[in-house]
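Engineer: Quick one: the structure is below, questions incoming.
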Amino acid sequence: MKPVHRKLRVVSNKRLASDHYLLELEVDENISLLPGQFLQLRLEDGMQFLRRPFSIFDCENEIIKILYKLRGNVTALMSKVKKSDLVDVIFPLGNHFPQPEKGKVVLVSGGTGFAPLHFLAKELLNNKNLTLEFLIGGKGSEVEAFKNFLPSAVSVKIATENGSAGEKGLVTDLIADIEGWIYSAGPIAMLKAVYEKIKVRENPAYFSLEAHFACGLGLCWGCVLPTREGFVRVCKEGPVFSPYVVKWEEI
Amino acid sequence: MGRDLNLGLECWGIGFQNPVIIASGCIEYDESLSEVFPFRECGALVTKTITLDRRDGNPMPRTTEVDCGMLNSIGLQNEGIYHYVKKILPRISNELQIPIITSIAGFSIEEYASIASHLDREKAVAAIEINISCPNLEKSKDESLLFAQDPYMSYGVVKAVRESTTKPVIVKLSPDVTDIVAIAQAVVDAGADGLTVANTYPAMAVDIETRRPKLGNITGGMSGPAIRPLTLKKLWDVYSNVKDVPIIASGGIMDACHAVEYIIAGATFVSLGTVNFIKPGAVLEVISGIKDYLLRHKMSYKELIGSLKID
């Protein structure tokens with residue numbers, strides 16, 4: 001669907017674990033969002049200047065869900081938003097994850113990078129010719145909360161930095177002898193490490209990238225990514241990119 | 001109720017459906033955004049500044065939020081004049097039936113003149129805006145300052161462009177000067193038909209935890225509502241001292257009240273930049289807000305321009 005600009009009503013805004021929250025927004029029209037896409041959000045109270053981008057965590061029955069972590073002033077204000085409040089949203093934006101027809105799929109997330117991959121995993125499960133493995137990384141207890149969103153058909157492995165769940169360490173330590181399609185989202189350092197693990201085998205792979213956005217609409221050229229085809233906009237040509245076109249050494 | 005009032009105006013031999021213009025660098029025409037952004041309702045579109053050769057632009061990060069505004073250091077990323085003329089211009093002029101004003105920048109007087117003479121042949125270009133004031137451009141080859149910071153260099157650029165085209169020439173001034181009136185007068189003397197007051201303000205921000213600049217280019221240009229009173233004063237200085245040249249106000253307009261404020265101080269046109277990122281429908285709000293104001297005060301648009309009471 002073409003992007004639309006709407007004021008959406010908050011259905012719920014719940015703390016999941018530590019400093020992670022899930023915000024649910026109600027849409028009163030037919031929408032079709034694709035895994036990998038994002039929205040641009042602005043709170044009504046005027047304390048925020050530029051919009052902030054959030055990956056779509058889930059979308060069903062006209063409810064859009066986003067996962068966020070407290071990081072600064074805006075997310076602190078977001079955490080105060082209550083049921084029936086309105087938030088100003090432009091959605092859906094950006095491209096989406098290409099999907100394989102059959103075989104094995106490995107999803108590797110770090111932190112809130114879980115959000116776009118959660119939506120993707122849900123979609124991929126509709127295809128019975130795929131087997132899914134989800135490697136979830138994070139700081140601590142939020143990772144258990146993330147895992148609970150996934151159906152049992154998904155094989156899950158966990159790594160936490162504080163060792164409170166799964167293996168103690170980084171999610172990239174869980175990657176071994178990778179086969180199939182690879183999807184990844186998370187901090188740049190993690191994406192680089194994932195790329196290092198897969199580049200020799202040249203698995204089909206798609207990563208969701210982040211950047212500082214001003215507009216998030218493709219207007220300003222503020223959020224570019226260095227690629228083999230020059231600077232491209234993360235918000236417009238992305239946020240999903242093949243890691244093989246990214247000039248990782250320049251990020 | 002202001003919807004019936006006609007805000008159409010003619011200037012430089014061009015018909016404008018309204019005086020609300022989209023500032024250079026703030027819009028990439030994209031049909032897929034037509035539900036979000038009212039491209040066809042704008043008075044005119046100033047396209048992103050083009051240079052003779054393609055430019056990659058500046059390193060990341062290129063934008064950062066500050067109190068009541070933002071900084072950018074895009075660095076005029078563009079594909080160059082040939083790409084603009086062949087690919088961008090035909091598409092936008094075909095799909096948008098509004099005047100297209102082409103913003104240009106060069107690194108020497110000859111480069112400005114060369115771009116202008118290329119554009120002179122293009123029917124789809126309604127006017128040329130000379131960007132002599134981008135704070136993210138490397139300094140000119142001949143001088144240590146921006147062109148816009150030196151009246152003689154500004155005069156030279158505008159005169160060379162004037163001699164290379166018969167199209168209306170608008171000059172975008174820098175607010176980062178001691179005496180903007182001297183620069184404005186110099187470019188009008190050189191043949192400028194209009195002035196844009198003004199570009200962004202040179203600025204910077206630091207992440208104190210990492211002690212790194214928040215922009216990859218270290219410094220950038222500041223825009224947004226914080227600069228509006230500063231630019232308003234520059235506009236007033238120019239309007240009250242440089243006679244008979246239409247001015248496009250550019251700096252921190254977020255709504256119709258801000259636009260009306262600039263028009264009262266002497267602006268013929270108002271341009272929207274950063275607000276487009278936040279409220280993509282702002283152009284419609286500003287147009288209808290100006291109409292409401294005129295009805296409420298029983299004034300015509302022409303009467304409002306420069307109607308500041310100072311007695």
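Ligands are numbered from 1 in the order shown, residues from 1 within each chain, and chains are lettered A, B, ... in the order they appear in the structure tokens.
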Write out as a list in words which residues come within 9 Å of Asn129 of chain A when counting only C-alpha atoms, dropping same-chain ones fewer than 5 positions away.

Structural biologist: Glu101, Lys102, Gly103 and Lys104 of chain A

Engineer: Quick one: pick out all strand (DSSP E or B) residues within segment 46-227 of chain A from a backbone DSSP run and write them as a PyMOL selection string.

Structural biologist: chain A and resi 52-55+58-60+63-69+86-93+103-110+130-138+155-160+167-168+181-185+205-208+224-227

Engineer: Kindly assemble as a tab-separated table a list of the chain A residues that lie within 10 Å of chain B, each paired with its nearest atom pair and their distance in Å to one decimal, using only C-alpha atoms, sorted first by chain and then by ascending residue number.

Structural biologist:
```
residue	atom	partner	partner_atom	distance
A:Met1	CA	B:Ser32	CA	9.2
A:Lys2	CA	B:Ser32	CA	6.0
A:Pro3	CA	B:Leu33	CA	6.2
A:Val4	CA	B:Val36	CA	5.4
A:His5	CA	B:Val36	CA	5.7
A:Arg6	CA	B:Val36	CA	9.3
A:Gln40	CA	B:Ile278	CA	9.3
A:Leu41	CA	B:Ile278	CA	9.5
A:Arg42	CA	B:Ile278	CA	8.0
A:Met47	CA	B:Cys68	CA	9.0
A:Gln48	CA	B:Cys68	CA	8.6
A:Phe49	CA	B:Cys68	CA	6.5
A:Leu50	CA	B:Ile278	CA	5.9
A:Arg51	CA	B:Ile278	CA	6.2
A:Arg52	CA	B:Ile278	CA	9.9
A:Asp88	CA	B:Lys279	CA	9.5
A:Ile90	CA	B:Val36	CA	7.9
A:Phe91	CA	B:Val36	CA	9.5
A:Leu93	CA	B:Leu33	CA	9.7
A:Ala211	CA	B:Pro61	CA	7.7
A:His212	CA	B:Pro61	CA	6.6
A:Phe213	CA	B:Thr63	CA	7.1
A:Ala214	CA	B:Thr63	CA	6.2
A:Cys215	CA	B:Phe277	CA	4.4
A:Gly216	CA	B:Phe277	CA	7.7
A:Leu217	CA	B:Phe277	CA	7.6
A:Gly218	CA	B:Glu28	CA	6.9
A:Leu219	CA	B:Glu28	CA	4.7
A:Cys220	CA	B:Cys26	CA	5.4
A:Trp221	CA	B:Ile74	CA	6.7
A:Gly222	CA	B:Arg62	CA	5.1
A:Cys223	CA	B:Arg62	CA	6.8
A:Val224	CA	B:Met60	CA	7.1
A:Leu225	CA	B:Met60	CA	8.1
A:Pro226	CA	B:Pro59	CA	9.1
A:Gly230	CA	B:Asp56	CA	7.4
A:Phe231	CA	B:Asp56	CA	6.8
A:Val232	CA	B:Asp56	CA	10.0
A:Glu250	CA	B:Pro59	CA	9.3
A:Ile251	CA	B:Met60	CA	8.2
```

Engineer: Do you know which residues are at most 12 Å from Ile14 of chain B counting only C-alpha atoms, after dropping those on the same chain fewer than 5 positions away, and could you put them as a PyMOL selection string?

Structural biologist: chain B and resi 8-9+19+43-44+98-101+124-127+167-168

Engineer: Considering only C-alpha atoms, return as a short mmCIF file (atom, residue, chain, number, x, y, z; two decimals) with C-alpha atoms, in the first residue's frame whatever protein or nucleic-acid residues lie within 7 Å of segment 178-188 of chain A, sequence-local ones (same chain, fewer than 2 positions apart) excluded.

Structural biologist:
```cif
data_model
loop_
_atom_site.label_atom_id
_atom_site.label_comp_id
_atom_site.auth_asym_id
_atom_site.auth_seq_id
_atom_site.Cartn_x
_atom_site.Cartn_y
_atom_site.Cartn_z
CA GLY A 103 14.45 -24.64 2.56
CA LYS A 104 16.09 -23.44 5.72
CA VAL A 105 15.90 -19.91 7.09
CA VAL A 106 18.01 -18.48 9.90
CA LEU A 107 16.98 -15.21 11.59
CA VAL A 108 19.61 -13.44 13.71
CA SER A 109 18.48 -10.53 15.88
CA GLY A 110 20.24 -8.24 18.33
CA GLY A 111 18.24 -6.07 20.75
CA THR A 112 15.20 -4.40 19.18
CA GLY A 113 16.34 -5.85 15.85
CA PHE A 114 14.01 -8.61 16.99
CA ILE A 175 26.14 -18.87 14.35
CA ALA A 176 27.84 -22.05 13.24
CA MET A 190 26.47 -7.16 15.10
CA LEU A 191 25.44 -6.98 11.44
CA LYS A 192 29.09 -6.66 10.46
CA ASN A 203 24.22 -17.45 1.54
CA PRO A 204 21.26 -15.48 0.26
CA ALA A 205 20.93 -12.81 2.94
CA TYR A 206 18.95 -9.70 3.82
CA PHE A 207 19.73 -7.30 6.65
CA SER A 208 17.60 -4.48 8.05
CA LEU A 209 19.81 -1.40 8.50
#
```
